[in-house]
Structures are given as structure tokens and as C-alpha cells.
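A.B. asks: Shown below is the structure under consideration.
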Amino acid sequence: MASCRKQALIEAPVESVWELLTDPVRGPEWDPDLLEVMGAPVEIRAGSTFETTGRGPLGLKATSAFKVEELDDLHEIKMRCQKSGYYVHWLLTPAQGNTFTELELGVQPLPGIQGRAMGAVFTGGFLRRTAENTLEALERAIGSGALFGRPGSRNPPN
Amino acid sequence: MEGLTACPNCAADNPERARFCMSCGAELSPGCPQCGAENPVGAKFCMECGSALSAEAAPAAAGSAAPAKAPPEERRQATILFADLSGYTAAAERMDPEAVKALVDRTLRVLGGEIERFGGSIDKFIGDNVMGVFGAPVSHEDDPERAVRAGLAMQEAMEDANRQSREKFGVGFSLRVGINSGEVMAGAVGDRYTVMGDAVNVAARLQAAGRPDTVTVGESTYGASREAIAFERLEPLRLKGKEEPVPAWEANGVLAEPRRGAGRAQTPLIGREKEAGLLMSLVERVEREERPHLVTVIGQAGVGKSRLLRELMTNLSESDDPPTIRRGQCPPYGAGIAYWALAEVLNDEFEIRDTDAPEAAWEKLRAGVTELMRELGDEASGERNAALLAIPLGLEPPEELQPSEDDPQRMREALFSAARAAVEAIARRRPLVLAIDDIHWADEGMLDLIDHLTRWVRSPLLLVCLTRDELLERRPGWGGGRRNATTISLEPLTATETRELVAALMPSSGENGGDVVPQVAERSGGNPLFAEEMVNRLLEEETVEAEALPRTVQSLLAARLDSLDRLERRLLQSASVVGQTFWEGALTTTAAEEGLDLGRTLSNLEEKDLLVPSAGSRLAGEREYAFKHVLIRDVAYSMLPKSVRCRKHVEVAEFIRERAGERSDGVIGLIAEHFARAAALGSEAGLERDALAELQTRALESLEAAGDAAAALYSNAEAFDRYTAALEISESLDPGMVARIGEKQGDVALRMGRVDAAVAVWERCLDHHRAQEDLARVADLHRKIGAALWHKGERRASIDNYQRGIDLLKDGPPCIELVRLYEEAASLYMHTGDNMLAIYASEKALRLAERLDEARAASRAHGIFGRVFGRIGDSEKARENLERSVALARDSDRSEAVRALLTLGYHLEVSEADYEGAATAYREALEIAQEVGDLPSQVELHASLGELAVDAADWEGVERAAEASGRLAEREGLYGKLCFPDLMRGVLSWRAGDWEEAATSFRRAHELGEQVGRSEVAYNALNWLAITLRESGDLSAAETELTRALDICERAGLIAQSVEAISARAVVLALAGRTEQARAAAEEAERLAGRLHYPVGEAATAEAAGACADDPDGMGEKMDEARRRWQELGRPLDATRCRVVQGRILLADDPDEAARLLDEAAAEYEELGAPALAARAREPVAG
């Protein structure tokens, strides 16, 4: 079972980072490998499901079926792909007006040969690179003002 | 018949020679303050020197001669003798009752006379019983021995009395004597001076239980006199009122040769070499000049006079042509034993034994003196002189030879002449050394005789007289102004000499505890006898407790005190309550009560060498004095009744408080000490309940204030003791007060590293506050307990305590207790590598701190932000926060500055590789930590400086750090901190090439680091373990440990360290020939380092890149770059390692170049003081 955890200080209030992270539709704005999000609810909560299309570990286009397993408002969200066992776990906490962010990526292979085969492609190196890239992209997205004032944003800044 | 003197106090009749009233104990005939001569009662001026004797005679000189008063109440060491006549039933049957009464009365008075003859006083006659006291109102250094001698003499006197009464009345009595020694309360009961205490009761019981015609003594009397008296041990006696059988002995007689010092170690001669040399040179001088010379060795009791004389005797007896040596001693109970020392000399010279019949003794004397006179050419005077010399020997010459001189003065001249002639004749045979010990006890005649011999003998005679300072009080001009007289004044040994002496006396002191030698040396004050007695007590009692005073020393000093004028002694006793040093002003009450002239009395005591003025004074404007010897102070103090001590301690405390005024904070410790002692003594002395309660309150308040003052100055041990003393004042203290003081006690205990003590006391406080439902205090105590457990490495219990505290307060209004809980929790999480929770808790703490305007808490929060930001590679924000943290801490308190500087230093070291900046921060932090007594931080700071020393290959620094941090952590039981010294020890073993030992240390450091949640230490330990394994050639194990180190980096977000670990892993893989994997690791390290701008990372990645290079040239280029970077960072060992790695990789393809590189590396290691690493580097090419 591979996993990787990375931390970063995002220069934005936790509410803003939280808003961005919990709106799956806006995932492509900060996830460089994410191409499309389908079937996401307007307001995400524990148990919500949605699908994504993106570049997988082998560089191939892949579809994932995510289910939100844990959600603690403004603090924690954990989603897991029901096909591969791949999970994304975000933890946020305010830090001097900014957001201290921890991203944990990992895989818990599903039972069976197919599950194990799919899990095996998520190597430590892939997870590490993905986590670093994701956090960098999130920082860039915030730096570019992508967080605020975009159409569809549910909580405009004050 | 002896005349009688009326006591000025109670009008009782006393014998003329009595110094104290037999009825009330009042002083009857005080010695002259000027010359020491005794004068008749009522004399206003000294008949010897004309000095004023009473206040009446000299009002202006009232200081030392106030009218006689009854002796004050005192606690004294005394020996009590009970003697009981039995067997007069038979007498009553045969005699008229009036005659029986007269006989008993006469017999008891004879027996009482023996008590007085040996320096005791008759306490009372009760029916057919007499009670005597030795040691009250006046002590002698050998009171127990005197009492036993008196008891034996009473039995002899009884035999004589029985002989007469049998002849006259046909009846006789039996006498039982019981003697016991111990502490008694002495003073007036009703109108009579007496002593009371258990020692008195036991003496009476011993007398009752003893066999007729014997002297039965208790244990303390036996112990104190066994060197002079022959005893037989009895079966322990069952005495009325005693639960356990009492050990007892029967005295059989006085030993012909005292067993002084038998079985004891011979005291070495230390610090008296010059004096010994001087004595030898004086012997040579008298031999050369054939003239007499008087040398007086003067000094306080026990200072080494007798030891010096013994040294002279040994030296003389070992010389080629030894002189004649004769010795005499002046006994302490010399009154009425005139010329005793002369008698000893004559006995010695003419071989006269105690067992000789009088006629035989006379014959020896006659023959000997006649022979001497013949040698002088005056044989005719032989018998006449012998008859004169028979007087001091107590011999009766034939009637025709008995001196017919009636005029005492002429008789004395005749005796002196005979003695001079005898001495001169002896000295003509061969040079004579005449040693006379203890001449301060000599009768006036003996002193005059010594003077006479010095003046008139015409042959080689060295008179060596040993005396205490008291002689100069009697004879201020002794030996002065004469060419043939020398005075050797023996001063106490120096501190070094005393330590040397004590160490020599107790060679096993190392086993018994190294503290004993300096303790004994200090308490003995340079007095060899005191030191020897203390050592003997320690050895006999198999203890290392050096405080208790040996009985011999106690007696000696008590006797010295009793030799003083009553008012001088009273003043010394009052001064003893103040302490070893005291102020004149503190004695004004005593002076007023006693009507003495304070300045003059102090001056007298200074002249008598008992006091010395202090150079400065702890109380401005107050003259300060010190007891010259601490033991004099102790004995003076011990003599005061507890109730008096209690009252006087209160007076002293009030005096200090009043004099210190607004600056009483500076002396609050002293004030507290006096109130505390007063309270303790009040309790022991049975002070009335309300008065005691009030006293205890004052003691408690002042002790708490003293504790606070000490804690504020970081005098932690003192603060801890003060709080402990406060809590021990009474068993019925207010629980709130106990909790308040207890909490402070816990605070200082933790500062001292006494974690268990702190937790224990806080747990008790917690119970109290819980019962009071004081949530804030309960929560705060949880925080304190959590922090203490964290010091011990009990992470889980620590977190639990923080959480419980937070849960109690988080829903309430903001409060400082909650801020502190968050900040402590944040600190713990930060150390364990849980950055998210550390930031979460810090944010909470910071927001609350800002609302409450709490600089300390804000400083801590900024510190944690800084550390975490540094870990994730945000150096700019890290530094910003850490510098803010230091600034806030400096405005807060010193302890905080330690923490903030430590944190800043760590960041500078690890994240920025600014080793100089880190060292500056660590050093400042260490200085403050030492100042404030913060031991846990000291352990860490020593180790941090040690790590910097490793980087710089400063091995002395590493050793120093390992020793200091290890010693502190182990001594204080800071188990959680042992990972720091373990790491240092591992590095030292690695340097020594002891891979196994190094690996053991690193594994232990890692384990402890993990256990206490110090992720950075745990990482460091694994990284070093990997380095060690790589050196030892176990590359696979090295890789495993680096993988584990990387796990820690990931778990704790240690990005900077992860660059180093990945690079090291790349190198290990390259060395193992796993090139592809090595390159992947090197690339990953480079990518990560690129994101961080981390100087160490840059050097490490260059090294990794070099190790994985495709070709030797590329490798050389990269390795050179890595070396340069390491050198620039000030890490020469790492730079040298690049050469080693390069050499090892090239071994197969280019052995010559490899050899060159490895040789170069080895040379560098040697230069860096690591020969074992050098040898290891050369190994692949050696041979």
C-alpha cells in the first residue's frame, strides 16, 4: 500500500481554499492531471459521488469514480476511487491568515486480481510527484486569483 | 576548718573555694576579667592585678562584670551521679538515732567532697542519697570521666569511712553509685539550681539497680570515659520506666595508662612542618649554647599542639644522640594538686611507681636526688633537696629531714631551688627536653616554677610548654620580653591542609561518598582534633552524615564557653541564634536585658578569639561579626532552651525586617528561616496553641515569599526548599494554601528536572482544585502535568493531559490557561512531526494570545509556525516567525528566550545551514538556560552545539557536548533527553572506527527519539546509522536505514532532511552498483532541492549526482562541486567523504586514480583528527 503526504502553506484564507477543493467541478483549475468532472453535486457532502477523467499513473486517460468518505467543514475531506482504491485526503488548518495544507495521496488496492493490478500502478514515485504537482498547482491557482470571482463560485470573497 | 561564704543570691552558706552557690548555682567568685585570678566573694577589685571586678566598682566597665545572677536556663550536656548509702538498719539497731543521723550526714558530706574534688557540684542530698552534677552550671571537656573518677573515689572514701565507723560503732555502710550522661535542662526550679531530664532519671535507676559497693554507668558515660577507666560490661539492666533493657557497665578502676586514641588511625602531621623544624632547631640551640630555652606552643584546643610535641619526640628519639626527655601534664582538675606536672617529671626521672610503697618511693627519690646533687658537687644538699621535692610527690620524708620552714614564701623558694638543681643536674648528664602539657591548667606555683627554671638553670634545657589561649588571659606577658623564650602560635590548618588531613584519616571516603571529606573539613574549621573526632564518629557509626557533633568536641567547646564570663556567654548564645554571622544591632535586646555593655563585650570576645568582625555587612549600617568557629556557634546555640531559641528567632526576624525596610525582599530568605525555626522550636517546646498558630502563619507567609523571591531569581533548589519548608510548617494548613504553594513547588521541581516530584505534587493540587470546581486551575495543572510527562518521554499521557485541559476550557471565555494548553500541545505536535496539529494548535494559541495581549504565548506560537514552515521549506516565513518569536520572548521572560533561541538556532542550522548563526543562538540560549537553571534545555543545547562541532570536526567540542548533555540528562533523570547524548556518543564511536558501538548508540538514540516523539532526532539517528553501516561495508543495511529515515521525513514533513536522505540513498545505491536506482534517487533529490533552495541539499545532491555520473570526468566534476559546496558550508568531513565515495566507485575501473583519491581522503581525515576513518579509507588499496 503506497501513500505519500505533502504539506504546503497556501497564501489564502482557509475558507477560500476549502471552497476550491470541495467543488469538484473546479478541479481542473488546480489539478494538472484532471481533464473533466462529471456528475458532481452542487454541494458536496460525505457520501457524495462523482466521476473524473484524467491522466492516470501510466500516462493514459482514465476514469475514476470518487466517493467522499469523510468531510469536516473547512478542515478535512477524503475521497476514494471506487475502482482503484486510490484516495485523496486533504487537511486544512488556518495559519496566520493563510492555510496550512496537507495532501495525502495513496492507494488501498481493492480485493481481487484486477484490484491489485490497478493498485500496483500507483507507485510511490507517482504519488510523490502527483502530490507535489497538485500542491504547486493549487498555489499557482491561488496566485493567479483563480480562487475568487470566477463564475459559479459559491462564496465570493468579502 | 574551711570558712564559709554566703551566696549573694540566696544567702546559702558555701565553702570558701566554691565558685558557684551549692544551693542556687549563682556565681560566687567570678574570675578577674583582666588576669583571670580568682578573688573572694565580695571583692570589688582583683587582688592580683587591681582590675575592677564589679559594676559597682567600675560603672563604666560594666560590660563584663555585672552583679551575679543565677545561671540562666540552658540545655546542657551533663553527667549525673547518684550515690546511695545502704545498710544502716544494722547501725540503727545498735546506735542512738541521733548518732546514726550524724554518721550518715558526715559520710554523705565526705562523699559530696569527692564530687566537688573532681569538679562536680552537689545538686542535693535526699535522705541517704547524694546527687552530683558534672557539666552544669560549668562544663569540663571530660565531665563523664570526672564523674566516674569521683564515683570510684567515693567508694574508696567509703571504705575509709567504714573502717573508722566499724572501729568506733561496729557498723558500716554499702554504697551504690549510678552515673549517666546526656542532655539535661539546667536552671532554677523554685529557688534552687538543678538539672532535669531523662539522663537524670536513668542515672538514679542505674544507681538503684547497681550492686552494692560498685559504680554502675550508662552507655554514654561509658563511651565518653572508656579510654581512661577500666569497665566491665553488665547484662543490660531492666530499669523502671524503660521499655527496653538499658546497657550498663561497672567501673573497675582508673587505667594506669589511658587508652587515648587506641585503635585509631595515627593523625598524620600536616601543615606543621615549619613548626616541627623550629622545635628541632631549638633543641640543637640549647645543646649548642648549653643554656635553657622556653618554647611555648600556644593554640586553641585541638589545633595540634600535642601532635606537634609527639612529632618532636619521635624526631628526637630517632636522632643519633637523643636528649633526655621528661614529660609532665597539668590535669584539668588541678585545684589542690599543686606542682602535679613537676611530680610527674620526678616520678619519671626516679622511676617511682604508683604501686611503690611510700618508703620505697622515698628511697628512690632520696637516692636519685642525692646522686644528682653529688654530680653537681653539692652532695650535702641531696637529702634536704629530696625532702623538699617529696612535697609535690605526696611523700613523707623521715621526720628529721622534713622542712622546718614555716614561711610559705621561703618554703616555695626552697622548693624551686631544689627543683632547679635537680633539673640542672639531669640536663648536665645530657641535654634535657622537659615537656609540660596543658599549662593553662597549671596552678600558679607551677607556672612560676617553669619561669624560674627558664631563668636560672645553667645547662642545656629545652622547656616545651603546651597551652591554650586561655593562659594569656591569666598571664598576658607569658614568655614575653625574654631572649631565651619563643612562642609558637598554632593557627588552624588551611582549607586545603584540612581536606588533606581528613582524606588521610578516612582513606575509604571515596566509597563512603566524596562529599564527606569537604564537609568534615569545612565543619572542623581547620582544627585537626575536631576533624579527627568527626572522622572517628563517622567511621564508628558507619555514616556519612557529617553534621552531628562528636561528644568530645561538644564537651570541649562547652567547656570553652563556660570558661567565659557569664554575660559574654549569654551574648554569644544570643548571637548564635542569628547565625554564623550576626549583627551587633540584633543583640541590643539581649544587652538591655542583661545590662551589659554591648560594644565592650563584643570587643572582649574578639580579643578572646571567639569572634571576628566581618569585612562587609548584609545589612547596611549594621556592624557584622562572625563566629570564628562554626562549632562554637553550634554549641552555644544548643545550650539555649528551645523556648528561648523560639523567642529569639522571632526577635531576629523582626530585627532584620525592620532594618532592611523596603529592601526586605533581599533578605526575605533570612527572615523566613528565623520564623520557620521559631515555629518549629515553638512546636517542640509546647508553645501555647494560639501563639503557635500565629507563629506558624508568619513562618508560612515568609517562607512562601522567600520561595517566590528565589524562584524569581531562578535559585530553583532554594525555592524548592523554601516551599517544602512552608508545607512542612504544620500538618493542619489550609488546603487552598497547600495547593497554591504546592503548585509553585512543582514549577521549580520541573525546572530542576525533578519530573516525578513535580507531577506528584501537581496531582495533589489537582485533587484540591477539582473539589473546588476551579476549572481554570484544573486545566492549567493538566497542562503542567502534560509538560512534565513530555519531559519524561511519556507522549501519550502528555497529550491526554493537554486534551483534558483543553476540553475543560475551550467552550468558555478566552483565558491564559487555554492559550498555554494550546501552545504546549502545539509544541508537542511540532516535535512529533505532526505539523498539521502543531499549526492548528499554534493558530489557536496565537489568536487567543493576541486577544489577551500575551507576549509569551504569542512567542511560542510564532516559534512553532517558524519551525513548521522551515520544515516544509518556506525559509522566509520560517525566519520571519522565529525572529518574531525571539523578540517577543525577550520581552516576556528569560526562560522563554531559551526556547525561542533554541528554535531559531535549529532552523538556522537545519534549514538554512547558517551554522554560525545557529551557534550564536545556541550559546546565548545555553547561557540563559544555565542562568535560570533550565536543565532540560541545557541538555538539548549542549547536544545542539555538539552537532555543530561534528560538522566542523571539532572533536573536543563533540566530547564536551556529549559529556555535558549526558551527565545532566542522566543525573536529572531526563530520560526523554537521553537521545541527545546517545547521538553524540555514536558520532564519537564512529570517529573511532568502532562501527558496532556507534550503531548501538544510534539505534538507542533513534528508539528514544521515536519514543519521546522527537522526529528530528530520530531522523538524525537513522541517518548516522546509515553512514556507519556504509562505512562498515553493509550497504544493504545502510539503504534500509535511509528508507526508514525517509519515512520519518515524510511523516513529519521534514523536507530539508529528506533531500539529504535521498541523496545519501543515491550514493549508497551507486556504491552498491545499482546505478539506475541510484540515478533515479539522485534525480529525485535534485528536483526536490531545486524547489527548496536548501544549501545542504545542494551539496548533497551534487554528491549524489557525482556518485551516479556516467563517466569518471563527469564524476570528478560533480564531486569537486560537491566538495566545494561542503567546504563552503564548513563541513569538511562531508567534503572528504566525496573523495572516499569517488575513490570507491572508481576502484574497479581505475585503481590508480582510486588509490590516489582514497589516499587524499585518508590524509584529510587524519588532518581532521579521525585516524580510524583515514585507515578505513585506505583499506581498499592497502596491500
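Lettering and numbering for the C-alpha cells are positional, with chains as A, B, ... in the shown order, residues counted from 1 in each chain, and ligands counted from 1 in the shown order.
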Contacts of range 79-86 of chain B at 7 Å or less, counting only C-alpha atoms, minus same-chain residues fewer than 5 places along, as an NGL selection string?

C.D. replies: :B and (128-135 or 143-144 or 147 or 173-182 or 200 or 203-204 or 207)

A.B. asks: Go ahead and save the residues from that selection, with C-alpha atoms, as a PDB file, in the first residue's frame.

C.D. replies:
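Output file out.pdb follows:
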```
ATOM      1  CA  ASP B 128      20.788   8.819 102.475  1.00  0.00           C
ATOM      2  CA  ASN B 129      21.372   9.781  98.899  1.00  0.00           C
ATOM      3  CA  VAL B 130      23.535  12.402  97.247  1.00  0.00           C
ATOM      4  CA  MET B 131      23.108  13.674  93.704  1.00  0.00           C
ATOM      5  CA  GLY B 132      26.045  15.289  91.942  1.00  0.00           C
ATOM      6  CA  VAL B 133      26.208  17.003  88.581  1.00  0.00           C
ATOM      7  CA  PHE B 134      29.174  17.333  86.264  1.00  0.00           C
ATOM      8  CA  GLY B 135      28.730  19.781  83.390  1.00  0.00           C
ATOM      9  CA  ASP B 143      32.835  15.571  82.682  1.00  0.00           C
ATOM     10  CA  PRO B 144      31.862  11.894  82.231  1.00  0.00           C
ATOM     11  CA  ALA B 147      32.137  11.712  87.340  1.00  0.00           C
ATOM     12  CA  PHE B 173      27.550   1.092 105.038  1.00  0.00           C
ATOM     13  CA  SER B 174      27.339  -0.056 101.493  1.00  0.00           C
ATOM     14  CA  LEU B 175      27.473   2.471  98.712  1.00  0.00           C
ATOM     15  CA  ARG B 176      25.859   2.187  95.297  1.00  0.00           C
ATOM     16  CA  VAL B 177      26.842   4.751  92.679  1.00  0.00           C
ATOM     17  CA  GLY B 178      24.967   5.233  89.415  1.00  0.00           C
ATOM     18  CA  ILE B 179      26.168   7.562  86.687  1.00  0.00           C
ATOM     19  CA  ASN B 180      24.687   8.604  83.384  1.00  0.00           C
ATOM     20  CA  SER B 181      25.389  11.316  80.804  1.00  0.00           C
ATOM     21  CA  GLY B 182      23.116  13.138  78.400  1.00  0.00           C
ATOM     22  CA  VAL B 200      18.939  12.231  85.401  1.00  0.00           C
ATOM     23  CA  ALA B 203      21.319   7.782  86.496  1.00  0.00           C
ATOM     24  CA  ALA B 204      19.039   7.305  89.510  1.00  0.00           C
ATOM     25  CA  GLN B 207      22.244   3.527  90.981  1.00  0.00           C
TER      26      GLN B 207
END
```

A.B. asks: Show me which bits of chain B are within 8 Å of chain A, counting only C-alpha atoms, as an MDAnalysis selection string.

C.D. replies: chainID B and resid 836 839:840 843 865 869 872 1050:1051 1053

A.B. asks: Those same residues, written as a JSON list (two decimals), in the first residue's frame with C-alpha atoms?

C.D. replies:
```json
[["chain", "number", "residue", "atom", "x", "y", "z"],
["B", 836, "MET", "CA", -0.90, 19.91, 10.85],
["B", 839, "ILE", "CA", -0.15, 24.56, 13.21],
["B", 840, "TYR", "CA", -3.75, 24.06, 14.28],
["B", 843, "GLU", "CA", -3.06, 29.19, 15.40],
["B", 865, "PHE", "CA", 4.98, 28.38, 13.00],
["B", 869, "PHE", "CA", 7.39, 26.48, 7.89],
["B", 872, "ILE", "CA", 8.20, 22.39, 4.64],
["B", 1050, "GLU", "CA", 7.54, 12.10, 5.11],
["B", 1051, "ARG", "CA", 5.61, 11.54, 8.30],
["B", 1053, "GLY", "CA", 7.22, 16.79, 6.81]]
```

A.B. asks: Near Asp721 in chain B, within 10 Å and counting only C-alpha atoms, which residues show up once chain neighbours fewer than 6 positions away are dropped, as a PyMOL selection string?

C.D. replies: chain B and resi 703+706-707+710+727+745+748-749

A.B. asks: Would you kindly return, as an NGL selection string, each protein, DNA or RNA residue with an atom no farther than 8 Å from any atom of Glu69 in chain A, considering only C-alpha atoms and excluding same-chain residues fewer than 5 positions away?

C.D. replies: :A and (46-47 or 77-80)

A.B. asks: Could you take the residues named above and write them with C-alpha atoms, as a PDB file, in the first residue's frame?

C.D. replies:
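Printed below is out_13.pdb as written:
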```pdb
ATOM      1  CA  ALA A  46     -19.977  12.785   2.967  1.00  0.00           C
ATOM      2  CA  GLY A  47     -21.298  10.041   0.690  1.00  0.00           C
ATOM      3  CA  ILE A  77     -12.091  15.919   3.010  1.00  0.00           C
ATOM      4  CA  LYS A  78     -11.214  12.392   1.942  1.00  0.00           C
ATOM      5  CA  MET A  79     -12.312  10.897  -1.380  1.00  0.00           C
ATOM      6  CA  ARG A  80     -11.644   7.448  -2.735  1.00  0.00           C
TER       7      ARG A  80
END
```

A.B. asks: Using DSSP on the backbone, list every residue of range 568-633 of chain B that comes out as helix (DSSP H, G or I), and give them as JSON, numbers by chain.

C.D. replies: {"B": [568, 569, 570, 571, 572, 573, 574, 575, 576, 577, 578, 584, 585, 586, 587, 588, 589, 590, 591, 592, 593, 594, 598, 599, 600, 601, 602, 603, 604, 605, 606, 607, 630, 631, 632, 633]}

A.B. asks: Would you mind listing what lies within 7 Å of range 75-77 of chain B as a list of chain:residue names, with only C-alpha atoms counted and same-chain residues fewer than 5 positions away left out?

C.D. replies: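 Within the cut-off, the hits are B:Gly135, B:Ala136, B:Gly182, B:Glu183, B:Val184, B:Met185, B:Ala186, B:Ser638, B:Met639, B:Leu640, B:Pro641.
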
A.B. asks: Would you list the contacts of range 924-938 of chain B as a PyMOL selection string, taking every protein, DNA or RNA residue within 9 Å and counting only C-alpha atoms, but skipping same-chain residues closer than 4 positions in sequence?

C.D. replies: chain B and resi 713-716+750-753+791+894-895+897-902+919-920+942-943+964-965+968-969+972+974+977

A.B. asks: Take the residues from that selection and write them out as a short mmCIF file (atom, residue, chain, number, x, y, z; two decimals), in the first residue's frame, keeping N, CA and C atoms.

C.D. replies:
```cif
data_model
loop_
_atom_site.label_atom_id
_atom_site.label_comp_id
_atom_site.auth_asym_id
_atom_site.auth_seq_id
_atom_site.Cartn_x
_atom_site.Cartn_y
_atom_site.Cartn_z
N LEU B 713 14.56 34.52 40.93
CA LEU B 713 15.99 34.63 40.59
C LEU B 713 16.52 33.31 40.03
N TYR B 714 15.60 32.37 39.81
CA TYR B 714 15.95 31.05 39.29
C TYR B 714 16.87 30.28 40.23
N SER B 715 16.82 30.64 41.51
CA SER B 715 17.54 29.82 42.51
C SER B 715 16.60 28.67 42.84
N ASN B 716 16.54 27.73 41.93
CA ASN B 716 15.47 26.73 42.00
C ASN B 716 15.55 25.82 43.21
N LEU B 750 10.19 21.05 38.35
CA LEU B 750 10.33 20.74 36.92
C LEU B 750 11.53 21.46 36.33
N ARG B 751 11.70 22.71 36.75
CA ARG B 751 12.87 23.45 36.27
C ARG B 751 14.16 22.72 36.63
N MET B 752 14.13 22.08 37.78
CA MET B 752 15.32 21.36 38.24
C MET B 752 15.42 19.99 37.60
N GLY B 753 14.44 19.65 36.79
CA GLY B 753 14.47 18.35 36.13
C GLY B 753 13.90 17.24 37.01
N HIS B 791 8.56 15.71 29.25
CA HIS B 791 9.99 15.68 29.57
C HIS B 791 10.45 14.26 29.82
N ARG B 894 13.02 35.21 30.71
CA ARG B 894 14.29 34.59 30.30
C ARG B 894 14.10 33.15 29.84
N SER B 895 13.24 32.42 30.53
CA SER B 895 13.03 31.02 30.14
C SER B 895 12.50 30.94 28.71
N ALA B 897 13.07 33.03 26.36
CA ALA B 897 14.14 33.36 25.42
C ALA B 897 14.96 32.11 25.10
N VAL B 898 15.13 31.23 26.08
CA VAL B 898 15.88 29.98 25.84
C VAL B 898 15.19 29.18 24.75
N ARG B 899 13.90 29.00 24.93
CA ARG B 899 13.15 28.20 23.97
C ARG B 899 13.18 28.83 22.58
N ALA B 900 12.94 30.14 22.54
CA ALA B 900 12.87 30.82 21.24
C ALA B 900 14.22 30.77 20.52
N LEU B 901 15.29 30.97 21.28
CA LEU B 901 16.62 30.94 20.66
C LEU B 901 16.99 29.53 20.20
N LEU B 902 16.60 28.55 20.97
CA LEU B 902 16.86 27.16 20.58
C LEU B 902 16.15 26.85 19.26
N ALA B 919 25.04 28.68 16.02
CA ALA B 919 25.89 28.57 17.21
C ALA B 919 25.68 29.77 18.13
N THR B 920 25.54 30.96 17.54
CA THR B 920 25.32 32.16 18.36
C THR B 920 24.02 32.02 19.14
N HIS B 942 23.46 21.68 24.79
CA HIS B 942 24.82 21.10 24.72
C HIS B 942 24.91 20.20 23.49
N ALA B 943 23.87 19.39 23.30
CA ALA B 943 23.88 18.47 22.17
C ALA B 943 23.83 19.23 20.84
N ALA B 964 28.63 16.73 28.71
CA ALA B 964 27.75 17.66 29.45
C ALA B 964 26.28 17.26 29.32
N SER B 965 25.87 16.96 28.11
CA SER B 965 24.44 16.64 27.95
C SER B 965 24.13 15.29 28.60
N LEU B 968 24.10 15.64 32.52
CA LEU B 968 22.89 16.32 33.00
C LEU B 968 21.65 15.45 32.87
N ALA B 969 21.49 14.85 31.69
CA ALA B 969 20.28 14.06 31.45
C ALA B 969 20.22 12.87 32.40
N GLU B 972 19.74 14.08 36.18
CA GLU B 972 18.42 14.61 36.49
C GLU B 972 17.29 13.66 36.10
N LEU B 974 16.36 12.78 33.14
CA LEU B 974 15.62 13.28 31.97
C LEU B 974 15.75 12.24 30.84
N LYS B 977 15.49 12.96 27.24
CA LYS B 977 16.56 13.74 26.61
C LYS B 977 17.81 12.92 26.36
#
```
